Every structure is written in C-alpha cells, then in structure tokens.
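Participant: The structure that follows is given in the form of structure tokens.
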Amino acid sequence: MDIFSIRSRYPDAVLIGNIDSKSTLAQGDRGKIRADAVECIQKLGKKGRCIIASDYSINDSIRPVTILGLIDFAREIGRY
C-alpha cells in the first residue's frame, strides 16, 4: 500500500507506520531509517496526523536498538 497516495485521498486520516520492517529496519541502516522517517514526517505529518512506526510489525530480525533509534529520530524531526 502506498501511504503517500492514501494521504492524498484521506487528508485528515491519522496514518501509522511506513518504515519498512523487512529491509530498512532489519538492516539497521541509521541513515536510511532517518531518511525514511524524515520523508514520512514531511509528507504525512503536517497536521500532526502521522505516527512513525514499522510498516507492519517488529519482527525478530530487528534489533531493539534500531527501534530506539527510530524513536529518537521521530522525536528529533517530528516537531512542526
């Protein structure tokens, strides 16, 4: 599902997720995680209607430190 097209169809909906759990979070690439979080917040969260999270779940291949990093990025860049 393309979360960005969902935003255009439903501008007032609260959207959750979109950080890829199978590759981006599983690989733990902090630069890619931050870039994806920035993109989501800038494109989806202008009215505060975006919750940064994994796209589906937090599976066993994702290290806890990676999720903590995602939370830190969201706190850092998630202000409007």
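Going through the structure tokens in order, the chains are called A, B, and so on, while each chain numbers its residues from 1 and the ligands are numbered from 1 in the order shown.
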Got a sec: who's within 9 Å of Ile19 of chain A, counting only C-alpha atoms, leaving out chain neighbours fewer than 3 positions off, as number ranges by chain?
Facilitator: A: 24-25, 33, 36-37, 40, 52-56
Participant: For the helix (DSSP H, G or I) assignment from backbone DSSP, which residues of chain A qualify? Please present them as a ChimeraX atom specification.
Facilitator: /A:3-9,24-27,30-44,64-77
Participant: Of the residues A:Phe4, A:Asp72, A:Ser23, A:Pro11, which is the one nearest to Arg49 of chain A, using only C-alpha atoms?
Facilitator: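 Using only C-alpha atoms, Arg49 of chain A sits closest to A:Pro11.
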Participant: Compile the contact shell of Val14 of chain A as a PyMOL selection string: residues with an atom at most 9 Å away, counting only C-alpha atoms, same-chain residues fewer than 3 positions apart removed.
Facilitator: chain A and resi 7+10-11+45+48-51
Participant: With C-alpha atoms retained, write the just-selected residues as a PDB file, in the first residue's frame.
Facilitator:
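In the end it all went to out_18.pdb:
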```pdb
ATOM      1  CA  ARG A   7      -2.694  10.687   2.447  1.00  0.00           C
ATOM      2  CA  TYR A  10      -7.735  10.937   3.009  1.00  0.00           C
ATOM      3  CA  PRO A  11      -6.019  14.161   4.095  1.00  0.00           C
ATOM      4  CA  GLY A  45       2.518  14.739   9.281  1.00  0.00           C
ATOM      5  CA  GLY A  48       0.209  16.040  13.207  1.00  0.00           C
ATOM      6  CA  ARG A  49      -1.672  13.083  11.771  1.00  0.00           C
ATOM      7  CA  CYS A  50       1.235  10.702  11.366  1.00  0.00           C
ATOM      8  CA  ILE A  51       2.617   8.146  13.785  1.00  0.00           C
TER       9      ILE A  51
END
```
Participant: Find the distance between atom CA of Gly31 of chain A and atom CA of Ala13 of chain A and write it in Å to one decimal.
Facilitator: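 Going from atom CA of Gly31 of chain A over to atom CA of Ala13 of chain A covers 27.9 Å.
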Participant: Mind giving me the straight-line distance from atom CA of Leu70 of chain A to atom CA of Lys43 of chain A in Å, one decimal?
Facilitator: 17.2 Å
Participant: Which of these, A:Asp20, A:Leu44, A:Gly69, A:Ser61, has the shortest distance to Ser5 of chain A once you count only C-alpha atoms?
Facilitator: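 The answer is A:Leu44, which sits nearest to Ser5 of chain A.
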Participant: DSSP on the backbone, strand (DSSP E) only: what residues of chain A does that give? Format it as a list of chain:residue names.
Facilitator: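 DSSP-assigned strand (DSSP E) residues in chain A: A:Leu15, A:Ile16, A:Cys50, A:Ile51.
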Participant: Got time to write the residues from that selection, N, CA and C atoms, as a tab-separated table (two decimals), in the first residue's frame?
Facilitator:
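Printed below is again32.tsv as written:
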```tsv
chain	number	residue	atom	x	y	z
A	15	LEU	N	-2.40	8.42	10.05
A	15	LEU	CA	-1.69	7.33	9.41
A	15	LEU	C	-0.58	6.82	10.33
A	16	ILE	N	-0.41	5.52	10.34
A	16	ILE	CA	0.57	4.88	11.22
A	16	ILE	C	1.48	4.00	10.38
A	50	CYS	N	0.34	11.77	11.81
A	50	CYS	CA	1.24	10.70	11.37
A	50	CYS	C	1.95	10.13	12.58
A	51	ILE	N	1.91	8.84	12.72
A	51	ILE	CA	2.62	8.15	13.79
A	51	ILE	C	3.69	7.30	13.13
```
Participant: Work out how far apart atom CA of Ile62 of chain A and atom CA of Arg30 of chain A are and give it in Å to one decimal.
Facilitator: 12.4 Å
Participant: For Ile67 of chain A, which of A:Asp29, A:Glu39, A:Asp12, A:Asp2 is the closest residue, counting only C-alpha atoms?
Facilitator: A:Asp29
